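Visitor: Pasting query_5.cif below, which is mmCIF, C-alpha atoms and all ligand atoms.
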data_query
loop_
_atom_site.label_atom_id
_atom_site.label_comp_id
_atom_site.auth_asym_id
_atom_site.auth_seq_id
_atom_site.Cartn_x
_atom_site.Cartn_y
_atom_site.Cartn_z
CA MET A 141 -8.34 -17.96 12.22
CA ARG A 142 -9.26 -21.47 13.43
CA TYR A 143 -10.26 -23.40 10.30
CA CYS A 144 -8.78 -23.84 6.81
CA SER A 145 -10.73 -21.80 4.26
CA GLN A 146 -9.81 -24.34 1.55
CA CYS A 147 -10.79 -27.65 3.21
CA GLY A 148 -12.46 -26.82 6.55
CA ALA A 149 -9.94 -28.73 8.70
CA GLY A 150 -8.34 -27.15 11.78
CA VAL A 151 -5.29 -24.89 11.47
CA THR A 152 -2.33 -24.63 13.82
CA LEU A 153 0.02 -21.69 14.37
CA THR A 154 3.46 -22.93 13.38
CA VAL A 155 6.60 -21.76 11.56
CA PRO A 156 6.64 -23.42 8.10
CA GLU A 157 9.92 -24.88 6.84
CA GLY A 158 12.08 -22.16 5.30
CA ASP A 159 9.99 -19.43 6.94
CA ASN A 160 10.83 -17.38 10.04
CA MET A 161 7.36 -16.34 11.22
CA PRO A 162 4.49 -18.37 12.69
CA ARG A 163 1.64 -18.88 10.19
CA HIS A 164 -1.76 -20.52 10.28
CA VAL A 165 -1.08 -23.88 8.58
CA CYS A 166 -3.81 -26.42 7.74
CA GLN A 167 -3.30 -29.73 9.55
CA ASP A 168 -4.96 -31.60 6.68
CA CYS A 169 -4.24 -30.03 3.26
CA GLY A 170 -1.12 -28.12 4.37
CA THR A 171 -2.24 -24.75 3.00
CA ILE A 172 -0.32 -21.85 4.59
CA HIS A 173 -2.71 -18.99 5.33
CA TYR A 174 -0.74 -15.76 5.22
CA GLN A 175 -2.17 -12.62 6.79
CA ASN A 176 -0.99 -9.28 5.44
CA PRO A 177 -1.60 -5.58 6.07
CA LYS A 178 -4.54 -3.86 4.42
CA ILE A 179 -4.39 -0.66 2.41
CA VAL A 180 -6.70 2.23 3.29
CA VAL A 181 -7.06 4.65 0.37
CA GLY A 182 -8.61 8.09 0.52
CA CYS A 183 -8.67 11.62 -0.85
CA ILE A 184 -7.99 15.14 0.31
CA PRO A 185 -10.70 16.62 -1.96
CA GLU A 186 -10.06 20.28 -2.82
CA TRP A 187 -12.52 22.88 -4.09
CA GLY A 188 -10.77 26.25 -4.19
CA ASP A 189 -9.32 26.76 -0.73
CA ARG A 190 -11.79 24.41 0.91
CA LEU A 191 -11.55 20.67 1.65
CA LEU A 192 -14.39 18.17 1.69
CA LEU A 193 -14.78 16.33 4.98
CA CYS A 194 -17.50 13.96 6.11
CA ARG A 195 -18.95 13.08 9.50
CA ARG A 196 -19.05 9.39 10.32
CA ALA A 197 -22.42 7.62 10.60
CA ILE A 198 -20.76 4.35 11.65
CA GLU A 199 -18.51 3.03 14.38
CA PRO A 200 -15.73 3.39 15.22
CA ARG A 201 -15.71 7.11 15.96
CA TYR A 202 -19.39 7.70 15.16
CA GLY A 203 -20.20 11.40 14.76
CA LEU A 204 -16.61 12.55 14.24
CA TRP A 205 -15.15 14.13 11.09
CA THR A 206 -12.79 12.49 8.65
CA LEU A 207 -11.54 12.54 5.08
CA PRO A 208 -13.24 10.08 2.71
CA ALA A 209 -11.19 6.86 2.92
CA GLY A 210 -11.65 3.13 3.23
CA PHE A 211 -10.27 -0.30 2.44
CA MET A 212 -8.91 -0.79 -1.07
CA GLU A 213 -10.77 -3.54 -2.98
CA ASN A 214 -9.41 -6.30 -5.18
CA GLY A 215 -9.33 -5.44 -8.89
CA GLU A 216 -8.93 -1.68 -8.50
CA THR A 217 -5.98 0.70 -8.40
CA VAL A 218 -5.14 2.81 -5.35
CA GLN A 219 -6.31 5.89 -7.27
CA GLN A 220 -9.59 4.22 -8.27
CA GLY A 221 -10.12 3.10 -4.68
CA ALA A 222 -9.55 6.63 -3.38
CA ALA A 223 -12.08 8.02 -5.89
CA ARG A 224 -14.61 5.26 -5.10
CA GLU A 225 -14.43 5.95 -1.37
CA THR A 226 -14.89 9.67 -1.99
CA PHE A 227 -18.04 8.96 -3.97
CA GLU A 228 -19.36 6.41 -1.47
CA GLU A 229 -18.78 8.53 1.63
CA ALA A 230 -19.20 12.07 0.31
CA GLU A 231 -21.09 11.61 -3.00
CA ALA A 232 -18.42 13.66 -4.76
CA ARG A 233 -16.63 12.95 -8.03
CA VAL A 234 -12.93 13.82 -8.07
CA GLU A 235 -9.87 13.87 -10.26
CA VAL A 236 -7.24 12.05 -8.21
CA GLY A 237 -3.78 13.62 -8.16
CA ALA A 238 -0.50 12.74 -6.51
CA LEU A 239 -0.04 10.64 -3.41
CA TYR A 240 0.41 13.06 -0.52
CA ALA A 241 0.38 11.07 2.75
CA LEU A 242 1.71 7.54 3.31
CA PHE A 243 1.26 6.39 6.89
CA ASN A 244 1.97 3.09 8.56
CA LEU A 245 -0.36 2.00 11.37
CA PRO A 246 1.54 -1.16 12.34
CA HIS A 247 -0.46 -1.81 15.52
CA ILE A 248 -3.57 -2.47 13.39
CA ASN A 249 -1.79 -3.71 10.25
CA GLN A 250 -2.94 -0.87 8.02
CA VAL A 251 -1.17 1.36 5.49
CA TYR A 252 -2.92 4.65 4.75
CA MET A 253 -2.50 6.28 1.35
CA LEU A 254 -4.14 9.71 0.98
CA PHE A 255 -4.16 11.42 -2.41
CA ARG A 256 -4.63 15.06 -3.28
CA ALA A 257 -7.78 15.35 -5.39
CA ARG A 258 -9.85 18.03 -7.08
CA LEU A 259 -13.66 18.05 -7.03
CA LEU A 260 -15.07 18.02 -10.56
CA ALA A 261 -17.97 20.17 -9.31
CA PRO A 262 -19.07 21.56 -5.93
CA GLU A 263 -21.55 18.70 -5.62
CA PHE A 264 -21.46 16.38 -2.62
CA GLY A 265 -23.58 14.92 0.13
CA PRO A 266 -23.60 12.31 2.87
CA GLY A 267 -23.17 8.76 1.61
CA SER A 268 -24.75 5.89 3.54
CA GLU A 269 -21.84 5.78 5.99
CA SER A 270 -21.84 9.55 6.62
CA LEU A 271 -24.09 11.89 8.62
CA GLU A 272 -23.04 14.94 6.61
CA ALA A 273 -20.42 16.16 4.16
CA GLU A 274 -19.10 19.70 4.18
CA LEU A 275 -16.58 21.93 2.38
CA MET A 276 -14.40 23.59 5.00
CA THR A 277 -11.73 26.25 5.03
CA GLU A 278 -8.70 25.67 7.24
CA ALA A 279 -10.30 27.88 9.93
CA GLU A 280 -13.45 25.75 9.88
CA ILE A 281 -11.76 22.38 10.48
CA PRO A 282 -13.14 20.95 13.78
CA TRP A 283 -9.73 19.91 15.13
CA GLU A 284 -11.20 18.55 18.39
CA GLU A 285 -13.63 16.33 16.48
CA ILE A 286 -11.40 14.55 13.96
CA ALA A 287 -12.02 10.80 13.97
CA PHE A 288 -8.50 9.40 13.56
CA PRO A 289 -4.95 10.55 14.38
CA VAL A 290 -3.78 9.72 10.83
CA ILE A 291 -6.37 12.14 9.42
CA GLN A 292 -5.51 14.83 11.97
CA GLU A 293 -1.79 14.52 11.19
CA SER A 294 -2.35 14.51 7.41
CA LEU A 295 -4.56 17.61 7.54
CA GLN A 296 -2.03 19.48 9.70
CA LEU A 297 0.80 18.61 7.28
CA TYR A 298 -1.39 19.54 4.33
CA PHE A 299 -2.19 23.05 5.58
CA ARG A 300 1.45 23.64 6.54
CA ASP A 301 2.60 22.55 3.08
CA ARG A 302 -0.11 24.56 1.36
CA ALA A 303 1.07 27.68 3.19
CA ALA A 304 4.60 26.91 1.94
CA GLY A 305 3.30 26.37 -1.59
CA ARG A 306 4.54 22.80 -2.10
CA PHE A 307 3.24 19.29 -1.47
CA PRO A 308 6.06 16.78 -1.06
CA LEU A 309 5.08 13.22 -0.23
CA ARG A 310 4.72 12.97 3.54
CA ALA A 311 5.49 9.57 5.05
CA GLY A 312 5.40 8.37 8.61
CA SER A 313 4.10 5.97 11.20
CA ILE A 314 1.46 6.28 13.89
CA ARG A 315 1.44 3.82 16.79
CA ARG A 316 -1.06 3.55 19.59
CA LEU A 317 0.64 3.74 22.98
CA ASP A 318 -0.16 1.21 25.70
CA GLY A 319 -2.80 2.12 28.23
CA PRO A 320 -6.53 2.73 28.42
CA GLU A 321 -6.35 6.26 27.00
CA ARG A 322 -6.28 6.92 23.27
CA ARG A 323 -2.70 8.16 22.96
CA TYR A 324 -0.54 7.87 19.86
CA GLU A 325 3.07 8.34 18.82
CA VAL A 326 3.60 10.01 15.44
CA THR A 327 6.93 9.54 13.63
CA LEU A 328 7.68 11.28 10.34
CA GLU A 329 10.18 9.82 7.89
CA ASP A 330 13.11 12.03 7.05
CA ALA A 331 13.62 10.35 3.67
CA PRO A 332 17.41 10.91 3.55
CA LEU A 333 17.47 9.95 -0.15
CA MET B 228 -12.35 -19.75 -0.22
CA ARG B 229 -14.87 -22.49 0.56
CA TYR B 230 -15.04 -22.67 4.37
CA CYS B 231 -15.36 -20.11 7.17
CA SER B 232 -12.01 -19.62 8.90
CA GLN B 233 -13.85 -18.73 12.14
CA CYS B 234 -16.29 -21.65 12.49
CA GLY B 235 -15.53 -24.13 9.67
CA ALA B 236 -18.99 -23.94 8.08
CA GLY B 237 -19.45 -23.43 4.33
CA VAL B 238 -19.32 -19.94 2.80
CA THR B 239 -21.40 -18.57 -0.08
CA LEU B 240 -20.56 -15.76 -2.44
CA THR B 241 -23.26 -13.12 -1.90
CA VAL B 242 -23.67 -9.34 -1.66
CA PRO B 243 -24.11 -8.45 2.04
CA GLU B 244 -26.80 -5.93 3.00
CA GLY B 245 -25.52 -2.39 2.54
CA ASP B 246 -22.60 -3.60 0.39
CA ASN B 247 -22.26 -3.48 -3.40
CA MET B 248 -19.78 -6.30 -4.03
CA PRO B 249 -20.09 -10.07 -3.63
CA ARG B 250 -18.25 -11.39 -0.57
CA HIS B 251 -17.62 -14.77 0.95
CA VAL B 252 -20.21 -14.92 3.76
CA CYS B 253 -20.45 -17.74 6.31
CA GLN B 254 -23.77 -19.57 6.15
CA ASP B 255 -23.57 -20.35 9.86
CA CYS B 256 -21.91 -17.58 11.88
CA GLY B 257 -22.44 -14.82 9.30
CA THR B 258 -18.84 -13.64 9.22
CA ILE B 259 -18.05 -11.65 6.06
CA HIS B 260 -14.63 -12.64 4.72
CA TYR B 261 -13.21 -9.67 2.85
CA GLN B 262 -10.34 -10.17 0.42
CA ASN B 263 -8.05 -7.21 -0.23
CA PRO B 264 -4.97 -6.38 -2.29
CA LYS B 265 -1.54 -7.20 -0.92
CA ILE B 266 1.39 -4.81 -0.68
CA VAL B 267 4.75 -5.79 -2.18
CA VAL B 268 7.59 -3.71 -0.68
CA GLY B 269 11.11 -3.52 -1.99
CA CYS B 270 14.23 -1.43 -2.39
CA ILE B 271 16.34 0.07 -5.14
CA PRO B 272 19.60 -0.38 -3.19
CA GLU B 273 22.32 2.06 -4.27
CA TRP B 274 26.08 1.83 -3.74
CA GLY B 275 27.73 4.67 -5.62
CA ASP B 276 26.45 4.47 -9.18
CA ARG B 277 25.61 0.78 -8.90
CA LEU B 278 22.37 -0.97 -7.90
CA LEU B 279 22.02 -4.27 -6.09
CA LEU B 280 19.98 -6.85 -7.99
CA CYS B 281 19.39 -10.49 -7.19
CA ARG B 282 18.69 -13.54 -9.33
CA ARG B 283 15.66 -15.57 -8.34
CA ALA B 284 16.13 -19.08 -6.95
CA ILE B 285 12.37 -19.67 -6.78
CA GLU B 286 9.37 -19.70 -9.08
CA PRO B 287 7.85 -17.76 -10.66
CA ARG B 288 10.57 -16.49 -12.99
CA TYR B 289 13.33 -18.75 -11.64
CA GLY B 290 16.79 -17.62 -12.78
CA LEU B 291 15.77 -14.09 -13.74
CA TRP B 292 16.95 -10.86 -12.14
CA THR B 293 14.92 -8.59 -9.88
CA LEU B 294 15.14 -5.97 -7.16
CA PRO B 295 14.77 -7.29 -3.61
CA ALA B 296 11.02 -7.15 -2.85
CA GLY B 297 8.29 -9.24 -1.30
CA PHE B 298 5.00 -9.25 0.58
CA MET B 299 4.73 -6.82 3.47
CA GLU B 300 4.11 -8.58 6.80
CA ASN B 301 1.73 -7.71 9.61
CA GLY B 302 3.27 -5.60 12.36
CA GLU B 303 5.88 -3.86 10.24
CA THR B 304 6.04 -0.58 8.35
CA VAL B 305 6.46 -0.41 4.57
CA GLN B 306 10.02 0.86 5.10
CA GLN B 307 10.82 -1.96 7.54
CA GLY B 308 9.38 -4.48 5.10
CA ALA B 309 11.48 -3.13 2.25
CA ALA B 310 14.63 -3.35 4.40
CA ARG B 311 13.71 -6.86 5.60
CA GLU B 312 13.22 -8.14 2.04
CA THR B 313 16.56 -6.62 1.02
CA PHE B 314 18.29 -8.49 3.82
CA GLU B 315 16.43 -11.75 3.16
CA GLU B 316 16.98 -11.79 -0.60
CA ALA B 317 20.32 -10.02 -0.96
CA GLU B 318 21.85 -10.17 2.55
CA ALA B 319 22.38 -6.42 2.47
CA ARG B 320 21.62 -3.84 5.12
CA VAL B 321 20.19 -0.56 3.86
CA GLU B 322 19.03 2.85 4.95
CA VAL B 323 15.59 3.20 3.36
CA GLY B 324 14.82 6.54 1.73
CA ALA B 325 11.86 7.99 -0.08
CA LEU B 326 9.18 6.05 -1.91
CA TYR B 327 10.12 6.13 -5.58
CA ALA B 328 7.76 3.78 -7.48
CA LEU B 329 4.10 3.07 -6.70
CA PHE B 330 2.58 0.59 -9.13
CA ASN B 331 -0.85 -1.03 -9.24
CA LEU B 332 -1.07 -4.59 -10.56
CA PRO B 333 -4.87 -4.89 -10.43
CA HIS B 334 -5.02 -8.19 -12.36
CA ILE B 335 -3.23 -9.92 -9.48
CA ASN B 336 -4.44 -7.63 -6.65
CA GLN B 337 -1.00 -6.31 -5.75
CA VAL B 338 0.36 -2.83 -5.04
CA TYR B 339 4.12 -2.44 -5.46
CA MET B 340 6.01 0.12 -3.40
CA LEU B 341 9.72 0.45 -4.21
CA PHE B 342 11.92 2.72 -2.09
CA ARG B 343 15.24 4.30 -2.86
CA ALA B 344 17.78 2.90 -0.41
CA ARG B 345 21.49 3.19 0.34
CA LEU B 346 23.66 0.19 1.22
CA LEU B 347 25.32 0.69 4.61
CA ALA B 348 28.35 -1.22 3.29
CA PRO B 349 29.24 -3.02 0.05
CA GLU B 350 28.32 -6.33 1.71
CA PHE B 351 25.74 -8.60 0.15
CA GLY B 352 25.11 -12.14 -1.00
CA PRO B 353 22.39 -14.50 -2.18
CA GLY B 354 19.68 -15.12 0.41
CA SER B 355 17.85 -18.45 0.45
CA GLU B 356 15.50 -17.32 -2.33
CA SER B 357 18.29 -16.00 -4.57
CA LEU B 358 20.92 -17.67 -6.77
CA GLU B 359 23.19 -14.64 -6.69
CA ALA B 360 23.27 -10.96 -5.81
CA GLU B 361 25.28 -8.43 -7.74
CA LEU B 362 26.03 -4.69 -7.83
CA MET B 363 25.44 -3.46 -11.38
CA THR B 364 26.01 -0.24 -13.26
CA GLU B 365 23.27 0.88 -15.67
CA ALA B 366 25.24 -0.67 -18.56
CA GLU B 367 25.39 -4.00 -16.76
CA ILE B 368 21.62 -4.41 -16.17
CA PRO B 369 20.48 -7.58 -18.00
CA TRP B 370 17.39 -5.98 -19.55
CA GLU B 371 16.36 -9.16 -21.34
CA GLU B 372 16.47 -11.17 -18.12
CA ILE B 373 14.43 -9.04 -15.71
CA ALA B 374 11.85 -11.14 -13.88
CA PHE B 375 8.84 -8.79 -13.76
CA PRO B 376 7.51 -5.88 -15.87
CA VAL B 377 7.07 -3.72 -12.75
CA ILE B 378 10.80 -4.07 -11.98
CA GLN B 379 11.78 -3.40 -15.61
CA GLU B 380 9.61 -0.27 -15.71
CA SER B 381 10.84 1.01 -12.34
CA LEU B 382 14.50 0.53 -13.30
CA GLN B 383 13.99 2.33 -16.62
CA LEU B 384 12.31 5.27 -14.87
CA TYR B 385 15.03 5.30 -12.21
CA PHE B 386 17.90 5.60 -14.68
CA ARG B 387 16.05 8.28 -16.67
CA ASP B 388 15.39 10.26 -13.49
CA ARG B 389 18.94 9.77 -12.25
CA ALA B 390 20.26 11.21 -15.51
CA ALA B 391 17.96 14.20 -14.97
CA GLY B 392 19.16 14.57 -11.39
CA ARG B 393 15.78 14.23 -9.65
CA PHE B 394 13.62 11.43 -8.28
CA PRO B 395 9.94 12.39 -8.21
CA LEU B 396 7.50 9.72 -7.06
CA ARG B 397 6.58 7.63 -10.08
CA ALA B 398 3.09 6.10 -10.04
CA GLY B 399 1.33 3.91 -12.54
CA SER B 400 -0.44 0.67 -13.33
CA ILE B 401 0.64 -2.49 -15.11
CA ARG B 402 -1.99 -4.86 -16.47
CA ARG B 403 -1.47 -8.21 -18.12
CA LEU B 404 -3.13 -8.35 -21.54
CA ASP B 405 -5.36 -11.27 -22.52
CA GLY B 406 -3.76 -14.09 -24.43
CA PRO B 407 -1.21 -16.85 -23.92
CA GLU B 408 1.81 -14.56 -24.34
CA ARG B 409 3.22 -12.52 -21.49
CA ARG B 410 2.24 -9.05 -22.69
CA TYR B 411 1.54 -6.08 -20.45
CA GLU B 412 0.11 -2.59 -20.66
CA VAL B 413 1.95 0.08 -18.66
CA THR B 414 0.14 3.30 -17.72
CA LEU B 415 1.88 6.13 -15.88
CA GLU B 416 -0.09 8.59 -13.75
CA ASP B 417 0.17 12.21 -14.75
CA ALA B 418 -0.61 13.40 -11.22
CA PRO B 419 -2.30 16.65 -12.32
CA LEU B 420 -2.15 18.02 -8.77
ZN ZN C 1 -6.88 -27.25 4.55
ZN ZN C 2 -18.56 -19.05 10.18
#
What does this structure look like when you write it as structure tokens?

Guide:
Amino acid sequence: MRYCSQCGAGVTLTVPEGDNMPRHVCQDCGTIHYQNPKIVVGCIPEWGDRLLLCRRAIEPRYGLWTLPAGFMENGETVQQGAARETFEEAEARVEVGALYALFNLPHINQVYMLFRARLLAPEFGPGSESLEAELMTEAEIPWEEIAFPVIQESLQLYFRDRAAGRFPLRAGSIRRLDGPERRYEVTLEDAPL
Amino acid sequence: MRYCSQCGAGVTLTVPEGDNMPRHVCQDCGTIHYQNPKIVVGCIPEWGDRLLLCRRAIEPRYGLWTLPAGFMENGETVQQGAARETFEEAEARVEVGALYALFNLPHINQVYMLFRARLLAPEFGPGSESLEAELMTEAEIPWEEIAFPVIQESLQLYFRDRAAGRFPLRAGSIRRLDGPERRYEVTLEDAPL
């Protein structure tokens, strides 16, 4: 951020009075431009014992598999956003159920919220951002070709919980480790209360 | 938003190619400026059978009572944000537990996430944005002086669940109704799955 979106003047990075973090503050009109994490909403769409995954037609991670998910939009609820993304990316209509996975990705300022969901019919297809969409059993999941660690972790937890017959809310954090390789640290919350 | 924060040129509201929503797009450098909902994180801080509330020293809703909560910051987790807000507003240190209330406020593009939390010690006080902080039993909650509907609803659900001896995740939406009066519609999610 270099210019004020309200008046077009230059902004400087400074700690406003009464604040404790540097913010982009307009040198002319004084507007403080806060920057906050974004919510990524998505579904774990179930049809019998199979889940609906889609293969990415866009970067990053072109060609790899993921669950339908994307940035929540203004004016919608998290559940509506999860259903919208499932329709946009996998052309499937779902009933959205309980929140299942809540993951922090603090290194990229994202919070992932994945909901369990049930397909209304076994109808789906690749949306404009997908190469293909497919219903998969656990044995068919292409574990070596999953696009993002948060999806890999959520799917692993999901199948473990399904085998145990219960779906508690799973919460945790995933941080990218320093270095050129794509390596991540996964921390699960114990939720003592 | 009237000016591009990257280059300072004017922005126009238009639907970018391949998109289905109007966005602020820079007429010069082409940057698409997305606007997304913000996350409000907070705690329901417990000490024995009492909860820690604070009385607002700032607008909106100056002088009314609330749970410690505020906008999540970049670089932190939702749990860290909830703990930070509890320290800033009520000068209390907490162990953050499970997510308890997840509420959409689509009319103001906010998602509330309130966590159960346990005070590490019965030490607290008014932060700079609070007039006072107080541990209250259920009977002491000033129901007519709660600052926000989402806090009122979450506290009511909390005490009902506490009486029943269980704390499932509560999810719902709160929308402000049209008209000059402050009237709201509360919808709770059934979570069929
Ligand atoms: Zn300005
Ligand atoms: Zn520009």

Visitor: Could you pull out the residues sitting within 12 Å of ligand ZN 2 (chain C), using all atoms listed in the file, and write them as a list in words?

Guide: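 Residues lying within 12 Å of ligand ZN 2 (chain C): Met141, Arg142, Tyr143, Cys144, Ser145 and Gly148 of chain A; Arg229, Tyr230, Cys231, Ser232, Gln233, Cys234, Gly235, Ala236, Gly237, Val238, Thr239, His251, Val252, Cys253, Gln254, Asp255, Cys256, Gly257, Thr258, Ile259 and His260 of chain B.
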
Visitor: So that I have them on file, write out the residues from the current selection with C-alpha atoms, as a PDB file, in the frame of the given file.

Guide:
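again.pdb, freshly written:
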ATOM      1  CA  MET A 141      -8.340 -17.960  12.220  1.00  0.00           C
ATOM      2  CA  ARG A 142      -9.260 -21.470  13.430  1.00  0.00           C
ATOM      3  CA  TYR A 143     -10.260 -23.400  10.300  1.00  0.00           C
ATOM      4  CA  CYS A 144      -8.780 -23.840   6.810  1.00  0.00           C
ATOM      5  CA  SER A 145     -10.730 -21.800   4.260  1.00  0.00           C
ATOM      6  CA  GLY A 148     -12.460 -26.820   6.550  1.00  0.00           C
TER       7      GLY A 148
ATOM      8  CA  ARG B 229     -14.870 -22.490   0.560  1.00  0.00           C
ATOM      9  CA  TYR B 230     -15.040 -22.670   4.370  1.00  0.00           C
ATOM     10  CA  CYS B 231     -15.360 -20.110   7.170  1.00  0.00           C
ATOM     11  CA  SER B 232     -12.010 -19.620   8.900  1.00  0.00           C
ATOM     12  CA  GLN B 233     -13.850 -18.730  12.140  1.00  0.00           C
ATOM     13  CA  CYS B 234     -16.290 -21.650  12.490  1.00  0.00           C
ATOM     14  CA  GLY B 235     -15.530 -24.130   9.670  1.00  0.00           C
ATOM     15  CA  ALA B 236     -18.990 -23.940   8.080  1.00  0.00           C
ATOM     16  CA  GLY B 237     -19.450 -23.430   4.330  1.00  0.00           C
ATOM     17  CA  VAL B 238     -19.320 -19.940   2.800  1.00  0.00           C
ATOM     18  CA  THR B 239     -21.400 -18.570  -0.080  1.00  0.00           C
ATOM     19  CA  HIS B 251     -17.620 -14.770   0.950  1.00  0.00           C
ATOM     20  CA  VAL B 252     -20.210 -14.920   3.760  1.00  0.00           C
ATOM     21  CA  CYS B 253     -20.450 -17.740   6.310  1.00  0.00           C
ATOM     22  CA  GLN B 254     -23.770 -19.570   6.150  1.00  0.00           C
ATOM     23  CA  ASP B 255     -23.570 -20.350   9.860  1.00  0.00           C
ATOM     24  CA  CYS B 256     -21.910 -17.580  11.880  1.00  0.00           C
ATOM     25  CA  GLY B 257     -22.440 -14.820   9.300  1.00  0.00           C
ATOM     26  CA  THR B 258     -18.840 -13.640   9.220  1.00  0.00           C
ATOM     27  CA  ILE B 259     -18.050 -11.650   6.060  1.00  0.00           C
ATOM     28  CA  HIS B 260     -14.630 -12.640   4.720  1.00  0.00           C
TER      29      HIS B 260
END

Visitor: Write out as a PyMOL selection string each polymer residue whose atoms come within 7 Å of segment 210-220 of chain A, counting only C-alpha atoms; drop sequence neighbours fewer than 5 positions from it.

Guide: (chain A and resi 179-182+225+236) or (chain B and resi 262-264+331+333-334+336)

Visitor: List every protein, DNA or RNA residue with an atom no more than 10 Å from (12.3, -0.1, -12.0) in the file's coordinates, counting all atoms listed in the file, and format the result as a list in words.

Guide: Cys270, Ile271, Thr293, Leu294, Tyr327, Ala328, Leu341, Ile373, Phe375, Pro376, Val377, Ile378, Gln379, Glu380, Ser381, Leu382, Gln383, Leu384, Tyr385, Phe386 and Arg397 of chain B

Visitor: Please report the interatomic distance between atom CA of Leu328 of chain A and atom CA of Glu322 of chain B in Å with one decimal.

Guide: 15.1 Å

Visitor: So, counting all atoms listed in the file, which residue among B:Asp246, B:Glu359, B:Glu408, B:Glu286 is closest to chain A?

Guide: B:Asp246

Visitor: Would you mind reading off the distance between atom CA of Arg320 of chain B and atom CA of Leu347 of chain B, one decimal, in Å?

Guide: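 That distance, rounded to one decimal, is 5.9 Å.
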